[in-house]
Amino acid sequence: MFFLKELLKRRRYSRKSGQIKKDQRLEEQAANLRPLHDDIFQNIEEAKRLFPASPDLTIYRFAAGQEEIPVALLYLDGLTDKSLLNNNILHPLMYGNSEMKSGISIPTISSIRKVMDWSEVEEAILFGECVQFTEGLQEAWVYDTKSWPQRAIEDPQLESSLKGAHQGFLETGVQNIAILRRYLPDRELRITQYTVGRRGKSKVWVLYLEDVAPEEVRQQLDARIRKIDVDSVINSGELAEFIEDNAFSPFPQFILTERPDSAVSQLLQGRFVVIVDHSPSVIVAPTTFITFFQSVDDYSSRWLIASFIRLLRFLAFMMALLLPATYIAFISFNYEVVPLQLFLSIAESRERVPFPPLLEALLMEVMLEMMREAGIRLPAPVGQTIGIVGGIIVGQAAVQAGIVSNIMVIVVASTAIASFILPSYDMGTAVRLLRFPMMLMASLFGIIGIVSGFMTLIAHLVSLESLGTPYGSPLAPFRWSDMKDTFVRLPLWSMIKRPTSAKASQEIRMEPKSPNGDQT
């Protein structure tokens with residue numbers, strides 16, 4: 001009985017404390033409210049105090065209507081559409097005939113709202129909207145006149161495609177949503193908007209198909225985004241780092257794509273697309289390890305060709321990760337497994353090299369990474385020149401000088417080519433990073449070190465998750481139904497179900513179809 005009374009007492013106390021906290025939040029919000037003035041001159045002076053040292057703040061004062069009521073329009077030059085402002089706001093206010101209660105004409109613009117607090121006025125001006133103050137009114141009218149410099153739709157730079165669409169996302173989130181809606185005109189497409197950041201107040205949108213996407217994943221993603229407390233989120237990469245499961249893993253846990261067709265394909269599978277304003281790439285979540293080896297061209301080509309290319313990517317992954325380490329292990333420890341003729345050829349090429357295999361490999365790999373970064377940062381014509389100079393002239397000079405061997409140049413070049421085959425840039429950078437500890441393990445323990453390091457990576461992949469979804473799926477846990485689109489890509493008519501790793505609410509995505517199109 002005592003415990004029951006104590007439990008009821010604690011419950012009443014928790015309810016009371018919860019109500020107290022709620023009342024405190026309401027009081028704080030009420031205390032932070034700063035109402036507008038009914039005097040237009042006081043409003044203008046307050047606006048100048050809010051935006052000191054802002055020469056782009058434009059204040060346009062005039063007399064509106066036949067009664068010549070003092071009116072002021074405030075906006076930031078460069079973020080406002082001047083044509084829309086002149087034709088749809090200024091002209092109706094100064095010469096229009098339709099009268100409001102205040103005796104001022106109604107501007108002919110699609111989005112108009114009323115605000116009564118300075119925080120809302122400040123936010124509206126910062127986002128490129130036009131604010132109207134009217135003499136005698138303790139309120140302001142906000143017009144949607146947002147317009148800022150933006151580029152045209154272009155082909156994605158990091159994800160080029162032979163048969164896919166040649167258009168990528170832009171830096172404007174609203175336009176990215178419009179692009180996705182054009183690909184997927186479905187009423188089940190849901191969009192949730194967030195505002196992240198204390199200073200920057202970046203807008204974030206989460207898109208998903210309500211009848212397909214799992215509710216538990218949506219709630220988890222919603223909770224992680226709402227917990228972000230930072231000055232500002234500039235791009236999708238920063239947001240992905242805030243919401244990922246394991247920040248210390250070298251493997252990417254979300255897909256960052258610039259391709260609308262790829263994002264729509266993931267939406268149809270039951271995944272979520274996160275759009276960050278000001279970023280030309282979107283986040284796809286949750287993802288698996290196999291997803292990073294899939295490309296849009298796989299589904300535009302015949303399944304036999306696509307399967308061959310898919311297997312080639314997995315082979316390239318293994319080469320980019322293990323080829324330098326295998327070379328070091330064979331030369332330093334396990335030289336007995338190398339054929340005699342090949343071993344003599346390697347020994348002849350290394351005759352003048354004064355460095356051990358590990359130092360030789362590290363020297364070449366670091367030089368390769370430096371040339372790769374130099375080619376990315378420099379303009380395109382100069383970047384190609386750097387690649388030619390670094391790959392041919394410097395490499396040949398290093399061999400002739402006896403610093404590195406011919407075999408090492410071949411190994412490093414093959415490793416670089418293999419890393420470029422991976423369709424995901426983030427996965428390619430992860431492989432480039434993991435190559436170095438694998439080389440160190442090979443130099444210390446030989447083949448045993450490579451096997452130990454590779455098993456450690458597999459254990460890490462199996463334990464990793466992406467929004468609660470197993471990263472190693474459909475291999476760990478093993479799901480036979482999802483193997484149709486892993487190492488090989490079977491015909492599309494055989495993929496009747498959505499991937500189990502996506503946890504889709506609707507498991508079936510198409511009706512069974514005959515492999516021969518002319519049969520019913």
# chains A, B, ... in the order shown; residues from 1 in each chain; ligands from 1
call {"tool": "select_by_dssp", "arguments": {"residues": "segment 268-480 of chain A", "states": "strand (DSSP E)", "output": "ChimeraX atom specification"}}
result
/A:272-276,282-285,465-466,469-470
call {"tool": "write_last_selection", "arguments": {"atoms": "C-alpha atoms", "output": "PDB file, in the first residue's frame"}}
result
ATOM      1  CA  PHE A 272      13.696   8.677 -47.198  1.00  0.00           C
ATOM      2  CA  VAL A 273      15.194  11.641 -49.043  1.00  0.00           C
ATOM      3  CA  VAL A 274      16.445  14.603 -46.993  1.00  0.00           C
ATOM      4  CA  ILE A 275      16.865  17.936 -48.798  1.00  0.00           C
ATOM      5  CA  VAL A 276      18.954  20.700 -47.254  1.00  0.00           C
ATOM      6  CA  VAL A 282      20.370  15.186 -51.074  1.00  0.00           C
ATOM      7  CA  ILE A 283      20.623  12.500 -48.397  1.00  0.00           C
ATOM      8  CA  VAL A 284      19.141   9.042 -48.917  1.00  0.00           C
ATOM      9  CA  ALA A 285      18.470   7.070 -45.731  1.00  0.00           C
ATOM     10  CA  GLU A 465      23.643   0.370 -38.695  1.00  0.00           C
ATOM     11  CA  SER A 466      22.020   3.136 -40.699  1.00  0.00           C
ATOM     12  CA  THR A 469      18.856  -0.739 -40.406  1.00  0.00           C
ATOM     13  CA  PRO A 470      21.627  -3.388 -40.614  1.00  0.00           C
TER      14      PRO A 470
END
call {"tool": "residues_around", "arguments": {"residues": "Val412 of chain A", "least_positions_apart": "6", "cutoff": "9 Å", "atoms": "only C-alpha atoms", "output": "MDAnalysis selection string"}}
result
chainID A and resid 323:324 361 364:365 368
call {"tool": "residues_around", "arguments": {"residues": "Glu129 of chain A", "least_positions_apart": "4", "cutoff": "7 Å", "atoms": "only C-alpha atoms", "output": "list in words"}}
result
Tyr75, Thr80, Ala124, Ile125, Val142, Tyr143, Asp144, Thr145 and Lys146 of chain A
call {"tool": "write_last_selection", "arguments": {"atoms": "N, CA and C atoms", "output": "PDB file, in the first residue's frame"}}
result
ATOM      1  N   TYR A  75      13.087  45.544 -47.560  1.00  0.00           N
ATOM      2  CA  TYR A  75      13.578  44.299 -48.144  1.00  0.00           C
ATOM      3  C   TYR A  75      15.088  44.397 -48.318  1.00  0.00           C
ATOM      4  N   THR A  80      15.490  39.937 -53.382  1.00  0.00           N
ATOM      5  CA  THR A  80      14.110  40.246 -53.718  1.00  0.00           C
ATOM      6  C   THR A  80      13.968  40.412 -55.220  1.00  0.00           C
ATOM      7  N   ALA A 124      11.491  37.226 -41.933  1.00  0.00           N
ATOM      8  CA  ALA A 124      10.975  37.436 -43.293  1.00  0.00           C
ATOM      9  C   ALA A 124      11.958  38.232 -44.142  1.00  0.00           C
ATOM     10  N   ILE A 125      12.523  39.299 -43.591  1.00  0.00           N
ATOM     11  CA  ILE A 125      13.471  40.115 -44.359  1.00  0.00           C
ATOM     12  C   ILE A 125      14.722  39.320 -44.688  1.00  0.00           C
ATOM     13  N   VAL A 142       3.552  40.735 -45.076  1.00  0.00           N
ATOM     14  CA  VAL A 142       4.749  40.114 -45.650  1.00  0.00           C
ATOM     15  C   VAL A 142       4.378  39.535 -47.008  1.00  0.00           C
ATOM     16  N   TYR A 143       5.134  39.907 -48.040  1.00  0.00           N
ATOM     17  CA  TYR A 143       4.903  39.440 -49.406  1.00  0.00           C
ATOM     18  C   TYR A 143       6.050  38.517 -49.823  1.00  0.00           C
ATOM     19  N   ASP A 144       5.681  37.442 -50.465  1.00  0.00           N
ATOM     20  CA  ASP A 144       6.673  36.464 -50.908  1.00  0.00           C
ATOM     21  C   ASP A 144       7.317  36.948 -52.198  1.00  0.00           C
ATOM     22  N   THR A 145       8.446  37.606 -52.071  1.00  0.00           N
ATOM     23  CA  THR A 145       9.178  38.138 -53.236  1.00  0.00           C
ATOM     24  C   THR A 145      10.590  37.553 -53.310  1.00  0.00           C
ATOM     25  N   LYS A 146      10.774  36.378 -52.758  1.00  0.00           N
ATOM     26  CA  LYS A 146      12.122  35.789 -52.704  1.00  0.00           C
ATOM     27  C   LYS A 146      12.673  35.546 -54.112  1.00  0.00           C
TER      28      LYS A 146
END
call {"tool": "atom_distance", "arguments": {"atom1": "atom CA of Leu490 of chain A", "atom2": "atom CA of Trp303 of chain A"}}
result
5.8 Å
call {"tool": "residues_around", "arguments": {"residues": "Val71 of chain A", "least_positions_apart": "4", "cutoff": "12 Å", "atoms": "only C-alpha atoms", "output": "ChimeraX atom specification"}}
result
/A:38-41,43-44,59-65,67,89-90,93-94,102-105,131-137,140-141
call {"tool": "write_last_selection", "arguments": {"atoms": "C-alpha atoms", "output": "PDB file, in the first residue's frame"}}
result
ATOM      1  CA  ASP A  38       1.441  51.643 -34.895  1.00  0.00           C
ATOM      2  CA  ASP A  39       3.792  54.513 -35.776  1.00  0.00           C
ATOM      3  CA  ILE A  40       5.576  53.875 -39.082  1.00  0.00           C
ATOM      4  CA  PHE A  41       8.586  55.994 -38.101  1.00  0.00           C
ATOM      5  CA  ASN A  43       8.970  50.752 -36.958  1.00  0.00           C
ATOM      6  CA  ILE A  44      11.536  52.041 -39.447  1.00  0.00           C
ATOM      7  CA  ILE A  59      13.501  51.161 -47.132  1.00  0.00           C
ATOM      8  CA  TYR A  60      11.058  52.612 -49.657  1.00  0.00           C
ATOM      9  CA  ARG A  61       8.529  55.118 -48.271  1.00  0.00           C
ATOM     10  CA  PHE A  62       5.534  56.471 -50.186  1.00  0.00           C
ATOM     11  CA  ALA A  63       1.896  57.512 -49.815  1.00  0.00           C
ATOM     12  CA  ALA A  64      -0.553  54.754 -50.759  1.00  0.00           C
ATOM     13  CA  GLY A  65      -4.131  55.075 -52.005  1.00  0.00           C
ATOM     14  CA  GLU A  67      -6.064  58.910 -48.809  1.00  0.00           C
ATOM     15  CA  ILE A  89       3.128  45.363 -55.079  1.00  0.00           C
ATOM     16  CA  LEU A  90       4.098  48.989 -55.691  1.00  0.00           C
ATOM     17  CA  LEU A  93      -0.573  50.055 -53.676  1.00  0.00           C
ATOM     18  CA  MET A  94      -0.062  53.422 -55.389  1.00  0.00           C
ATOM     19  CA  SER A 102      -7.144  50.482 -44.064  1.00  0.00           C
ATOM     20  CA  GLY A 103      -7.893  52.203 -47.348  1.00  0.00           C
ATOM     21  CA  ILE A 104      -4.935  50.636 -49.165  1.00  0.00           C
ATOM     22  CA  SER A 105      -5.156  48.544 -52.321  1.00  0.00           C
ATOM     23  CA  VAL A 131       7.633  43.658 -45.387  1.00  0.00           C
ATOM     24  CA  GLN A 132       5.092  46.465 -45.473  1.00  0.00           C
ATOM     25  CA  PHE A 133       4.543  48.868 -42.550  1.00  0.00           C
ATOM     26  CA  THR A 134       1.412  51.006 -42.596  1.00  0.00           C
ATOM     27  CA  GLU A 135       0.749  54.114 -40.532  1.00  0.00           C
ATOM     28  CA  GLY A 136      -1.813  53.450 -37.821  1.00  0.00           C
ATOM     29  CA  LEU A 137      -1.570  49.635 -37.967  1.00  0.00           C
ATOM     30  CA  ALA A 140       2.943  44.217 -40.944  1.00  0.00           C
ATOM     31  CA  TRP A 141       2.177  42.514 -44.242  1.00  0.00           C
TER      32      TRP A 141
END
call {"tool": "select_by_dssp", "arguments": {"residues": "segment 14-249 of chain A", "states": "alpha helix (DSSP H)", "output": "VMD selection string"}}
result
chain A and resid 14 to 32 40 to 50 82 to 85 91 to 95 118 to 126 173 to 183 215 to 226 236 to 243
call {"tool": "residues_around", "arguments": {"residues": "Arg224 of chain A", "least_positions_apart": "3", "cutoff": "8 Å", "atoms": "only C-alpha atoms", "output": "list in words"}}
result
Gln220, Leu221, Lys227, Ile228, Phe242 and Ile243 of chain A
call {"tool": "write_last_selection", "arguments": {"atoms": "C-alpha atoms", "output": "PDB file, in the first residue's frame"}}
result
ATOM      1  CA  GLN A 220      13.758   8.030 -35.653  1.00  0.00           C
ATOM      2  CA  LEU A 221      14.852  10.373 -38.448  1.00  0.00           C
ATOM      3  CA  LYS A 227      17.823  17.262 -31.689  1.00  0.00           C
ATOM      4  CA  ILE A 228      20.328  19.185 -33.827  1.00  0.00           C
ATOM      5  CA  PHE A 242      24.828  14.985 -37.188  1.00  0.00           C
ATOM      6  CA  ILE A 243      22.277  12.192 -37.682  1.00  0.00           C
TER       7      ILE A 243
END
call {"tool": "residues_around", "arguments": {"residues": "Ile328 of chain A", "least_positions_apart": "2", "cutoff": "9 Å", "atoms": "only C-alpha atoms", "output": "ChimeraX atom specification"}}
result
/A:323-326,330-333,357-358,361,439,442-443,446
call {"tool": "residues_around", "arguments": {"residues": "Phe169 of chain A", "least_positions_apart": "4", "cutoff": "10 Å", "atoms": "only C-alpha atoms", "output": "JSON, numbers by chain"}}
result
{"A": [152, 153, 154, 155, 156, 173, 175, 176, 177, 179, 180, 257, 258, 259, 260, 275, 279, 280, 281, 282]}
call {"tool": "closest_residue", "arguments": {"among": "A:Ile393, A:Ile447, A:Val264, A:Val233", "to": "Glu336 of chain A", "atoms": "only C-alpha atoms"}}
result
A:Ile447
